Every structure is written in C-alpha cells, then in structure tokens.
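Reviewing the structure listed below.
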Amino acid sequence: MPTVVVMDVSLSMTRPVSVEGSEEYQRKHLAAHGLTMLFEHMATNYKLEFTALVVFSSLWELMVPFTRDYNTLQEALSNMDDYDKTCLESALLGVCNIVQQEWGAAIPCQVVLVTDGCLGIGRGSLRHSLATHSQRSESNRFPLPFPFPSKLYVMCMANLEELQSTDSLDCLERLIDLNNGEGQIFTIDGPLCLKNVQSMFGKLIDLAYTPFHAVLKCGHLTSDVQVFPRPEPFIIDEEIDPIPKAINTDLEIVGFVDIADISSPPVLSRHLVLPIALNREGDEVGPGITDDTEDENSANQIAGKIPNFCVLLHGSLKVEGMVALVQLGPEWYGMLYSQADSKKKSNLMMSLFEPGPEPLPWLGKMTQLGPISDAKENPYGEDDNKSPFPLQPKNKRSYAQNVTVWIKPSGLQTDVQKILRNARKLPEKTQTFYKELNRLRKAALAFGFLELLKGVADMLERECTLLPDTAHPDAAFQLTHAAQQLKVASTGASEYAAYDHNIAPLQTDFSSSSTERM
C-alpha cells in the first residue's frame, strides 16, 4: 500500500519550541525527527513499501517521487526550505494528481499529513475551503474524498490544548469526515519535545505500519511468514451490527486445487507471502529480501541454507500448476499461488476471498471438498481429461434461458434479416414470421430501442410495395398489419405498446379460407 508523506513547510512551522538543552528547535525540526523515525522503521520492517514526499505551503512540490530508497527520503528532510502561508487544499489536490498518475484510482494509499495545525489565512485557507465546500461545481470540487481508496493520518506538531483553543481541531476532524471517515488525527501528549513526538509517531506505526506476521501450516509442516501489505479487516455489509473481521495469524492450508478449476476468482485483496528466516537461536533475521549491507547478506546466506516450508510450497505450486486453499478464519478462505513477475522471478501470493462458506459458487461449499481418494472413481478421469467443476446448480438460472442479445451489430442485423426472409414467404411462414417479430419487439422494448421498431415497420411497408403480382393477397394484409402494430408500439403510449402484448396474425377471408382447406 503506497504512502504519501505531505510535509507542511509554511512559516508557522518555523516557530521555536522550548526544549531542554542549549540547541534551539523549531516545529519543523520536531516533524523531521518524527518522520526520520517513521522512515527508519519502514526501511527495516516495510522494505517493500513505496513512499513519496510532498512539501507544501501556498503551493506544493514533489520532493521525492515514489521510492523504496529511504536514505533519499531522509536526505530530503534535511534539505527543505521555508516558504509562505499554509494552503492545505492545494496540497491535497497535488496528492490526488501524484497518486493517480503513478497508481491509478484502484490502489489503496495512505496519506500522512504533517502540520502544526495552523489553517492558513484568507482565500485558500482550510477555513475558507470548508466554508465554500457545498457551493462548488463538479469541476472545482474539494479534493476529499480522494478518488482512490485511502486513509488520511494527520500528525499535528501541537498538543490538544493548543488545537482546542482555536477551531483547528474541528476543521481537521472535518477533513477525516470528508474522507469517508477513513483516517485519524494524532496530537502530541504533553509539552512539545522529541520524546513526545516519538511517542506520537510510534502510535502511527502501531496502527498502520506494523508488519503482519503469521504461521503458515500444512499438516505437520509450518513456516513463519510475513504477509505484505498488511491485510485490512473486512466488514460484512449484510450484518445488522457489522463487526470488522480480521484474518487469523495461523493460516491453515486445507487442500490443493488445479489452477484450471479455480480459474480467475473474485478476490478482496492480494498479498505477498514472504518467509521469515530464523537463526539457530530462534531470533528473527527478517523476510527473505536482499539488502546492500554485509550483515544482512551474511544473515540471508545463513537463512538460505535452512530448509523452509514456504519455499517448498512455492516451488511445488509453480511446478504442479495448482493453488492451495487456505483457511483465514471461521468461514473465511483464500488461496496461495505462484505469480511470475518475469521469466526468472516469481512470488508466492495470497488472495483473500469474500467471507462465507461458499465464496466460489462453481466449487460449492468449501467444507464439502475432499481428497480424490475419497471418491468412488477419479473425478478427473483416468487420463485426466475431465473435471468435476464447475458444479451444476440445482435450480435453473434465469440467464440459462434463451434471450436476445445484441452485443455486436451483426446480431441485430441477423434478427432483422430473418424477419424479412419470412415476410417474403407469407402466408406459408405466417407463424414463424410473427414469432420472430414478437421476439424482436420484446427485446427492443426491454432495451428501450423504440427507434428499431419504427425502422422495422418502415421496412415491412417497403416490402409490401415490392410484392410481385403473383404474391398471395394475404401477404400484403399481414405486412401492413405488422407494420402498424410496430408503429403503435414505438410510441410507447398505447396498450398495444405493453411488453407482454403479442402481435397476433390478422384474421382475413384469405387466411380463414386457407385454414379451412388445411
């Protein structure tokens, strides 16, 4: 989950802070100290996180684009200049542009806003932006809520008493509300000092940047793994009192299925599964990611010589072309599979299904799946030429019935030509003609395609004028009748325009006499 750090570099951040000692600190120094702590934590525990640094005052600037090089981010903190007044709206607009250009509108992103709680003055201030929020047009909308899934964390370089003395806290809380309630405001507990700033950023780390460690189990085989990014709790909308549902730290593999049977299922999220190497004393070395330092290289070399179930599972799934079904919690499942980044590199991935006993209808209930050995005969056949999936539903689905579909122009053209061919063979094809005519009429009314009815009516009238002298007299009557009925239906203002109404053949002396002969 990418992170955008938005740093306030307005003049109010240069206000001095009385800290014990001879060195003079400003609020921006406290903010840089807290961010350095955050970056050091992410460099150790969140190496795969992409992070960008944006600074703002009345304008915004991208100091460091999305990167995993946390040394570059820390160097940028020491090279920030001081600018003019605070304009938070322009900074949030800049975050929208940066994230959408890099990740699009579907990737969740975390935004860490570091400010001192000063809202700015005049036009462009947060007070002015919130006051005019309801009066804006769509082209000039406020950046919140972000057009991508997000959480907004506001890190205030001020204590609660200072913010409550003005309306700053209310305005900042309004930002969280505008972001659909996704996010939180952090303030410094007690006086402004380095220790309290560290405590505040520690709360942010515990909330959003704590690695998710789990134990992957398959029978007697186990492996300590890190799941990245951290799985978010899922809230079931159908429940009366929805409770966030979190996955267990024990991930139990319950079976294996061919990739062809699982197909491409709908999932809530996808995550990397990284093995955590342990040395002989049982101390954690870290996930299997290479680093430039000699200590970590030597640690990874030692870890590479220790057998690991996670590595065995990854290789097996890749070679056999299968996925592992894993239980995440009560009536909640996911799947483990190998995904290739390139011809030489692949990763063990985990996708989370929606909670429930039957997340994939074509597999049936997960609890009813079992090993092939329990079946009377091999469900895949002796030559592995068939599959027991997908399971056939007991009830006939509505979409299994014959319906008219016009995805391509050729389908509509075929149906119209079929009506015209039967029209030229009247009265012998009277029943077929009206059957096809009513099928097209109902489809046009269902799609709201009333212009089609008028167009087909004009075609039938033209066919009537082109009938040869040898044509049966009843053909002209039927064509004229059908054209009139379609024109009435195209207006949509008559009982004959109802969807359930069918156009019946016109009873004429010719049709009755031909019926008597038959």
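Every chain in the structure tokens has a letter given in the order shown (A, B, ...), and although residue numbers restart at 1 in each chain, ligands are simply numbered from 1 in the order shown.
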
* Among the residues of range 18-109 of chain A, find those DSSP assigns to alpha helix (DSSP H) from the backbone and print them as a ChimeraX atom specification. => /A:27-45,70-77,88-103

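Excluding Phe256 in chain A itself and any same-chain residue fewer than 3 positions from it, the protein and nucleic acid residues within 6 Å of it, counting only C-alpha atoms, are Val323, Ala324 and Leu325 of chain A.
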
* Asked: Which neighbours of Trp332 in chain A fall inside 12 Å, counting only C-alpha atoms, when residues of the same chain fewer than 3 positions from it are skipped, and could you give them as a VMD selection string?
  -> chain A and resid 234 236 245 to 248 251 to 252 254 267 to 268 325 to 329 335 351 to 360 365 to 367

Dump N, CA, C and O atoms for the selected residues as a CSV table (one decimal), in the first residue's frame?
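Output below, filename result-v1.csv:
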```
chain,number,residue,atom,x,y,z
A,234,PHE,N,-12.1,-6.8,7.3
A,234,PHE,CA,-13.3,-6.7,6.3
A,234,PHE,C,-14.6,-6.7,7.1
A,234,PHE,O,-14.8,-7.4,8.0
A,236,ILE,N,-18.6,-7.0,6.9
A,236,ILE,CA,-19.7,-7.6,6.1
A,236,ILE,C,-20.9,-6.6,6.2
A,236,ILE,O,-21.4,-6.4,7.3
A,245,LYS,N,-13.9,-8.0,10.5
A,245,LYS,CA,-13.4,-9.4,10.5
A,245,LYS,C,-12.0,-9.4,10.1
A,245,LYS,O,-11.7,-9.0,9.0
A,246,ALA,N,-11.1,-9.8,11.0
A,246,ALA,CA,-9.7,-9.9,10.7
A,246,ALA,C,-9.2,-11.3,10.5
A,246,ALA,O,-9.8,-12.3,11.1
A,247,ILE,N,-8.2,-11.5,9.7
A,247,ILE,CA,-7.7,-12.9,9.4
A,247,ILE,C,-6.9,-13.4,10.6
A,247,ILE,O,-6.3,-12.6,11.4
A,248,ASN,N,-6.8,-14.7,10.8
A,248,ASN,CA,-6.0,-15.3,11.9
A,248,ASN,C,-4.5,-15.2,11.6
A,248,ASN,O,-4.1,-15.1,10.4
A,251,LEU,N,-2.4,-19.5,9.5
A,251,LEU,CA,-3.0,-19.8,8.2
A,251,LEU,C,-2.9,-21.3,7.9
A,251,LEU,O,-1.8,-21.8,7.6
A,252,GLU,N,-4.0,-21.9,7.9
A,252,GLU,CA,-4.1,-23.4,7.7
A,252,GLU,C,-4.4,-23.8,6.3
A,252,GLU,O,-5.5,-23.4,5.8
A,254,VAL,N,-5.9,-26.1,3.7
A,254,VAL,CA,-6.9,-27.2,3.8
A,254,VAL,C,-6.9,-28.1,2.6
A,254,VAL,O,-7.6,-29.1,2.6
A,267,VAL,N,-11.6,-11.5,-5.8
A,267,VAL,CA,-10.9,-11.5,-4.5
A,267,VAL,C,-11.0,-10.1,-3.9
A,267,VAL,O,-11.3,-9.1,-4.6
A,268,LEU,N,-10.9,-10.0,-2.6
A,268,LEU,CA,-10.9,-8.8,-1.9
A,268,LEU,C,-9.6,-8.0,-2.0
A,268,LEU,O,-9.5,-6.8,-2.2
A,325,LEU,N,-5.7,-23.9,-1.1
A,325,LEU,CA,-6.8,-23.2,-0.4
A,325,LEU,C,-6.4,-23.1,1.1
A,325,LEU,O,-6.0,-24.1,1.7
A,326,VAL,N,-6.5,-21.9,1.6
A,326,VAL,CA,-6.0,-21.7,3.0
A,326,VAL,C,-7.2,-21.1,3.8
A,326,VAL,O,-8.0,-20.2,3.2
A,327,GLN,N,-7.3,-21.5,5.0
A,327,GLN,CA,-8.4,-21.0,5.9
A,327,GLN,C,-7.9,-19.8,6.7
A,327,GLN,O,-6.9,-19.9,7.4
A,328,LEU,N,-8.6,-18.7,6.5
A,328,LEU,CA,-8.1,-17.4,7.2
A,328,LEU,C,-8.8,-17.2,8.5
A,328,LEU,O,-8.3,-16.4,9.3
A,329,GLY,N,-10.0,-17.9,8.7
A,329,GLY,CA,-10.7,-17.7,9.9
A,329,GLY,C,-12.0,-18.5,9.8
A,329,GLY,O,-12.2,-19.3,8.8
A,335,MET,N,-6.6,-18.2,-1.2
A,335,MET,CA,-5.7,-19.1,-1.9
A,335,MET,C,-4.3,-18.6,-2.0
A,335,MET,O,-4.1,-17.4,-2.1
A,351,SER,N,-4.4,-14.5,-2.1
A,351,SER,CA,-5.6,-13.7,-2.4
A,351,SER,C,-6.7,-14.1,-1.4
A,351,SER,O,-6.9,-15.3,-1.1
A,352,LEU,N,-7.4,-13.1,-0.9
A,352,LEU,CA,-8.5,-13.3,0.0
A,352,LEU,C,-9.8,-13.3,-0.7
A,352,LEU,O,-10.2,-12.4,-1.4
A,353,PHE,N,-10.6,-14.4,-0.4
A,353,PHE,CA,-12.0,-14.4,-0.9
A,353,PHE,C,-12.9,-13.7,0.0
A,353,PHE,O,-12.5,-13.3,1.1
A,354,GLU,N,-14.1,-13.4,-0.4
A,354,GLU,CA,-15.1,-12.8,0.5
A,354,GLU,C,-15.5,-13.8,1.5
A,354,GLU,O,-15.6,-15.0,1.3
A,355,PRO,N,-15.7,-13.4,2.8
A,355,PRO,CA,-16.1,-14.3,3.9
A,355,PRO,C,-17.4,-15.0,3.5
A,355,PRO,O,-18.3,-14.5,2.9
A,356,GLY,N,-17.5,-16.3,3.9
A,356,GLY,CA,-18.7,-17.1,3.7
A,356,GLY,C,-18.3,-18.5,3.4
A,356,GLY,O,-17.2,-18.9,3.0
A,357,PRO,N,-19.3,-19.4,3.6
A,357,PRO,CA,-19.0,-20.9,3.4
A,357,PRO,C,-18.8,-21.3,1.9
A,357,PRO,O,-18.3,-22.3,1.6
A,358,GLU,N,-19.3,-20.4,1.0
A,358,GLU,CA,-19.3,-20.7,-0.5
A,358,GLU,C,-18.8,-19.5,-1.3
A,358,GLU,O,-19.6,-18.9,-2.0
A,359,PRO,N,-17.6,-19.1,-1.1
A,359,PRO,CA,-17.1,-17.9,-1.8
A,359,PRO,C,-17.0,-18.0,-3.3
A,359,PRO,O,-17.2,-17.1,-4.1
A,360,LEU,N,-16.8,-19.3,-3.8
A,360,LEU,CA,-16.8,-19.5,-5.2
A,360,LEU,C,-17.9,-20.5,-5.6
A,360,LEU,O,-17.7,-21.7,-5.3
A,365,LYS,N,-19.6,-25.7,-1.5
A,365,LYS,CA,-19.2,-25.3,-0.1
A,365,LYS,C,-17.8,-25.8,0.1
A,365,LYS,O,-17.4,-27.0,-0.2
A,366,MET,N,-16.9,-25.0,0.7
A,366,MET,CA,-15.5,-25.4,1.0
A,366,MET,C,-15.5,-26.6,1.9
A,366,MET,O,-14.6,-27.4,1.8
A,367,THR,N,-16.4,-26.7,2.9
A,367,THR,CA,-16.3,-27.8,3.8
A,367,THR,C,-16.7,-29.1,3.2
A,367,THR,O,-16.4,-30.2,3.8
```

* To do: Find the residues near Leu204 in chain A: any atom within 9 Å, counting only C-alpha atoms, skip ones fewer than 6 places away on the same chain, and give them as a PyMOL selection string.
  => chain A and resi 38+153+155+186

Requested write-out: all heavy atoms of the selected residues, as a compact mmCIF listing (two decimals), in the first residue's frame:
```txt
# COMPACT_ATOMS: atom_id res chain seq x y z
N LEU A 38 9.91 7.29 11.44
CA LEU A 38 9.00 6.51 10.61
C LEU A 38 9.74 5.85 9.45
O LEU A 38 9.54 4.66 9.16
CB LEU A 38 7.88 7.41 10.09
CG LEU A 38 6.90 6.79 9.08
CD1 LEU A 38 6.11 5.65 9.73
CD2 LEU A 38 5.93 7.84 8.53
N TYR A 153 -3.95 10.25 7.67
CA TYR A 153 -3.45 10.40 9.03
C TYR A 153 -2.85 11.80 9.18
O TYR A 153 -1.94 12.17 8.43
CB TYR A 153 -2.40 9.34 9.34
CG TYR A 153 -2.92 7.93 9.24
CD1 TYR A 153 -2.50 7.08 8.21
CD2 TYR A 153 -3.84 7.44 10.16
CE1 TYR A 153 -2.99 5.79 8.12
CE2 TYR A 153 -4.34 6.15 10.07
CZ TYR A 153 -3.90 5.33 9.04
OH TYR A 153 -4.40 4.04 8.94
N MET A 155 -0.76 14.27 11.42
CA MET A 155 0.20 14.34 12.53
C MET A 155 0.40 15.81 12.90
O MET A 155 1.00 16.58 12.13
CB MET A 155 1.54 13.71 12.13
CG MET A 155 1.41 12.35 11.41
SD MET A 155 0.60 11.11 12.42
CE MET A 155 1.81 10.88 13.70
N PHE A 186 -3.60 12.62 15.07
CA PHE A 186 -2.68 12.38 16.17
C PHE A 186 -2.16 13.73 16.69
O PHE A 186 -1.79 14.60 15.89
CB PHE A 186 -1.49 11.53 15.72
CG PHE A 186 -1.87 10.13 15.31
CD1 PHE A 186 -2.27 9.85 14.01
CD2 PHE A 186 -1.81 9.09 16.23
CE1 PHE A 186 -2.62 8.57 13.63
CE2 PHE A 186 -2.16 7.80 15.86
CZ PHE A 186 -2.56 7.53 14.56
```
